[in-house]
Amino acid sequence: MLLRTLARLLNALTLALLLPMAALAQDAPLLAQFLPKAAPETLVPGADGFGAIRPDIPVAPVLRQGEVVGQIFLTSDFVSTTGYSGKPIHTLVALGPDATVLGVQLVKHSEPIVLIGIPEKKITEMMAVYRGLSLVEAAQGAAHDLEIISGATVTVMVIDDSILRSALKVARALGLGGLAPEVDSGPQFVLADGVAAPDGWMAMEGDGTVRRLSLDVGQVNAAFAGMDDPRAAKRALKEPPETSFIDMYVAPVSVPAIGQALLGVEDANLRDWLGEGDHAIAVLGRGLYSFKGSGYVRGGIFDRIVLVQDDVSVRFHDRDHRRMGPVALEDAPEFTERDLFRIPADSGFDPTKPFRLQLLVQREVAAIEKVFLSFDLGYQLPPGFMNPVTVAAAPEVSEADAQSALWQKIWQDKRPEIAVVAAMLAVLTLAFFFQGWLTRSAARTKWFRYGFLTLTLVFLGWVTNAQLSIVNLMALFGALTTGFSWQAFLLDPLTFILWFSVAAALLFWGRGAYCGWLCPFGALQELTNHAARRLGVPQVTLPWGLHERLWAVKYMIFLGLFGVSLWSIEQAEHLAEAEPFKTAIILKFMRAWPFVAYAAALLIAGLFVERFYCRYLCPLGAALAIPARLRMFDWLKRYKDCGSPCQTCSNECMVQAIHPTGEINPNECLNCLHCQVLYQSEQKCPVVIRQLKRRAAVSQPDLPARAVNHPNTLKKESGHV
């Protein structure tokens, strides 16, 4: 039975990755589960209901008084929405007929930081930025405003990626905003070589090499009269109806033969102006209306024309504009405006495909108010300038590839932070490997430690929010039991790197490599305790018997959280507030007062009992301590005299990890290296002092006994300062 169940799950996953969108919609209509719980007016202002879900694709109409005003869908029906928790982030998205986003609503997720750390208001405000987003512009690669919420970077990035990719799929499937499904294969064209230049303007107009849009005053007045705004008709042009409003011509002069015909000697200058992959069009005009206007002089953009091709729309800036000289053909008419416009290579424009030049005509209806109409000048390059070519079908981008692209993009964006973390890990590794040299000087060790802890607190903690948590381990366990995937964990580069380094460090140094050096909250405790000592705050040393029994508390907390996670990972994430990390590090104390009071109480306790939370309450420390005894090496040096009779290291260990009998408990040791400083101390370690005395007695037998027995005299005579 279990094997059959696993086989069904594997088949469902395979279908989700490989079947086309329509099949996916029929097999997994998750929208039906969440649509009844959604409020129409929350997603689309004024909406009062939803229609039935379509049979071919999991999309439902949004209704306002029975009229369809948009389409709604669930992101998880179309793309993978797996977040850092390893579970989907379900989001409802409403689209308008023009392929703009009408509204977005997060309906279900398991992201721990959003469940218990980030106020709901911040998520709502972040979602609001999608309202009005044009998918037509997004399809061209246009950037959009995105507010990254501190502490929830991964969650926000996953939500953003899933909204954009799923919305584009839906818009293309429904043909919203003129978007069309991507063509997988079929005949395509390339520009032909060696085509002769046309020999006259009339011939170019006749075969469509030059295309024309002609509007007279009567046509324009009639178009504005048909608008809903009656003010437009009242401001009609007074010229006779047959008067030419605009005669506008367009031709792609980056096609060599056309450019040579229209530009003549000027064609060489055009080639110098265009970069690799750039194209250019010539726009010629005459009449009452200017296709350029004067807006580009003020704002640097030509706001009256836009080039549109499939999902691509190109608006021209002054940097993409050049004035054109007279048309090189003798039979060409006179034009009042002659201009060249460059189409950048990154726009994706293809001169062999149909395109249109959209002309925006404006009319003032009030002192500072205008209304607009658009007219299209369509263009298709004549067949004689193209050669057909068969292009292989483009492979469909799988969800695995899309997810891989997302985490790779995040890693690219985080390269500076990754470099700093890698440098920190390298420095710490060298410090551990060469700890004998480092700990010869107490001052050097002290400055290195406090400097490193400060960097850990400020950079790893408050700047990058790279604070590991017991929630990470519960998410890992949940992923292992429900279908493990690296993708979710790779979404947060710094956390991934730290966990990888922790796993390696457990084999070499045990728990202390992270807890003692790389934990931001642990660094905050130690630095505040150090400041408290400098201010004279008395330190409390718990009796060994009580201290040893309190060790067990953190293991009990860890086992309790682990047990709850087996029943409900969401409930375990709520209970994981036993960790103050989110409050003190990720949210920087900007949180409800009970959470702040709890974190502050732990820090205050740490002023009197150093690393109080680490010692007795930290479930993450307990989880890391369990495999601590599996470490392969024992780097901390000890003498036979340690613990019997010498108690110096035991008394000075900041977390009391050294037993009175001299053994270091690897489950509790934070690898602060203070015991290694004492191990070489010529002032505190009795073994070192005895060794120095013997050497002095052997090398200077005539030295008085009282001098030999006096450490200060011994140091001076032996050359130690």
# chains A, B, ... in the order shown; residues from 1 in each chain; ligands from 1

call {"tool": "residues_around", "arguments": {"residues": "segment 571-578 of chain A", "least_positions_apart": "5", "cutoff": "6 Å", "atoms": "only C-alpha atoms", "output": "VMD selection string"}}
result
chain A and resid 561 564 to 565

call {"tool": "residues_around", "arguments": {"residues": "Val93 of chain A", "least_positions_apart": "6", "cutoff": "7 Å", "atoms": "only C-alpha atoms", "output": "PyMOL selection string"}}
result
chain A and resi 72-74+103-105

call {"tool": "closest_residue", "arguments": {"among": "A:Lys292, A:Thr243, A:Phe341, A:Ala592", "to": "Leu270 of chain A", "atoms": "only C-alpha atoms"}}
result
A:Phe341

call {"tool": "residues_around", "arguments": {"residues": "Asp228 of chain A", "least_positions_apart": "3", "cutoff": "12 Å", "atoms": "only C-alpha atoms", "output": "PyMOL selection string"}}
result
chain A and resi 223-225+231-233+371-373

call {"tool": "residues_around", "arguments": {"residues": "Tyr555 of chain A", "least_positions_apart": "6", "cutoff": "12 Å", "atoms": "only C-alpha atoms", "output": "list in words"}}
result
Arg549, Leu561, Phe562, Cys614, Arg615, Tyr616, Leu617, Cys618, Pro619, Leu620, Gly621, Ala622, Ala623, Leu624, Ala625, Ile626, Asn667 and Glu668 of chain A

call {"tool": "residues_around", "arguments": {"residues": "Pro241 of chain A", "least_positions_apart": "2", "cutoff": "12 Å", "atoms": "only C-alpha atoms", "output": "PyMOL selection string"}}
result
chain A and resi 215-222+236-239+243-245

call {"tool": "write_last_selection", "arguments": {"atoms": "N, CA and C atoms", "output": "PDB file, in the first residue's frame"}}
result
ATOM      1  N   LEU A 215      -4.216  60.397 -42.220  1.00  0.00           N
ATOM      2  CA  LEU A 215      -5.421  60.826 -41.503  1.00  0.00           C
ATOM      3  C   LEU A 215      -5.727  62.258 -41.895  1.00  0.00           C
ATOM      4  N   ASP A 216      -7.022  62.533 -42.173  1.00  0.00           N
ATOM      5  CA  ASP A 216      -7.404  63.920 -42.404  1.00  0.00           C
ATOM      6  C   ASP A 216      -8.146  64.445 -41.181  1.00  0.00           C
ATOM      7  N   VAL A 217      -8.430  65.735 -41.202  1.00  0.00           N
ATOM      8  CA  VAL A 217      -9.058  66.377 -40.047  1.00  0.00           C
ATOM      9  C   VAL A 217     -10.422  65.774 -39.757  1.00  0.00           C
ATOM     10  N   GLY A 218     -11.174  65.455 -40.808  1.00  0.00           N
ATOM     11  CA  GLY A 218     -12.499  64.875 -40.610  1.00  0.00           C
ATOM     12  C   GLY A 218     -12.437  63.539 -39.884  1.00  0.00           C
ATOM     13  N   GLN A 219     -11.480  62.686 -40.240  1.00  0.00           N
ATOM     14  CA  GLN A 219     -11.347  61.386 -39.574  1.00  0.00           C
ATOM     15  C   GLN A 219     -10.996  61.540 -38.093  1.00  0.00           C
ATOM     16  N   VAL A 220     -10.099  62.465 -37.803  1.00  0.00           N
ATOM     17  CA  VAL A 220      -9.686  62.657 -36.418  1.00  0.00           C
ATOM     18  C   VAL A 220     -10.828  63.240 -35.592  1.00  0.00           C
ATOM     19  N   ASN A 221     -11.547  64.225 -36.138  1.00  0.00           N
ATOM     20  CA  ASN A 221     -12.684  64.788 -35.409  1.00  0.00           C
ATOM     21  C   ASN A 221     -13.738  63.730 -35.140  1.00  0.00           C
ATOM     22  N   ALA A 222     -13.990  62.868 -36.121  1.00  0.00           N
ATOM     23  CA  ALA A 222     -14.980  61.808 -35.943  1.00  0.00           C
ATOM     24  C   ALA A 222     -14.544  60.820 -34.866  1.00  0.00           C
ATOM     25  N   ALA A 236     -13.270  70.254 -31.354  1.00  0.00           N
ATOM     26  CA  ALA A 236     -12.930  69.752 -32.689  1.00  0.00           C
ATOM     27  C   ALA A 236     -12.057  70.753 -33.440  1.00  0.00           C
ATOM     28  N   LEU A 237     -11.225  70.229 -34.348  1.00  0.00           N
ATOM     29  CA  LEU A 237     -10.382  71.078 -35.183  1.00  0.00           C
ATOM     30  C   LEU A 237     -11.253  71.888 -36.151  1.00  0.00           C
ATOM     31  N   LYS A 238     -10.866  73.127 -36.420  1.00  0.00           N
ATOM     32  CA  LYS A 238     -11.663  74.026 -37.247  1.00  0.00           C
ATOM     33  C   LYS A 238     -11.299  73.963 -38.732  1.00  0.00           C
ATOM     34  N   GLU A 239     -10.205  73.313 -39.077  1.00  0.00           N
ATOM     35  CA  GLU A 239      -9.798  73.231 -40.470  1.00  0.00           C
ATOM     36  C   GLU A 239     -10.823  72.422 -41.272  1.00  0.00           C
ATOM     37  N   THR A 243      -8.558  68.490 -44.927  1.00  0.00           N
ATOM     38  CA  THR A 243      -7.189  68.921 -44.640  1.00  0.00           C
ATOM     39  C   THR A 243      -6.384  67.761 -44.061  1.00  0.00           C
ATOM     40  N   SER A 244      -5.158  67.612 -44.529  1.00  0.00           N
ATOM     41  CA  SER A 244      -4.305  66.515 -44.037  1.00  0.00           C
ATOM     42  C   SER A 244      -3.923  66.763 -42.577  1.00  0.00           C
ATOM     43  N   PHE A 245      -4.331  65.837 -41.719  1.00  0.00           N
ATOM     44  CA  PHE A 245      -3.943  65.915 -40.309  1.00  0.00           C
ATOM     45  C   PHE A 245      -2.519  65.398 -40.146  1.00  0.00           C
TER      46      PHE A 245
END

call {"tool": "closest_atom_pairs", "arguments": {"of": "segment 422-471 of chain A", "to": "segment 637-643 of chain A", "cutoff": "12 Å", "atoms": "only C-alpha atoms", "output": "tab-separated table"}}
result
residue	atom	partner	partner_atom	distance
A:Gln435	CA	A:Lys637	CA	10.5
A:Gly436	CA	A:Lys637	CA	9.4
A:Thr439	CA	A:Lys637	CA	11.7

call {"tool": "write_last_selection", "arguments": {"atoms": "C-alpha atoms", "output": "CSV table (one decimal), in the first residue's frame"}}
result
chain,number,residue,atom,x,y,z
A,435,GLN,CA,45.2,28.2,17.4
A,436,GLY,CA,48.5,27.4,19.1
A,439,THR,CA,46.6,31.8,21.8
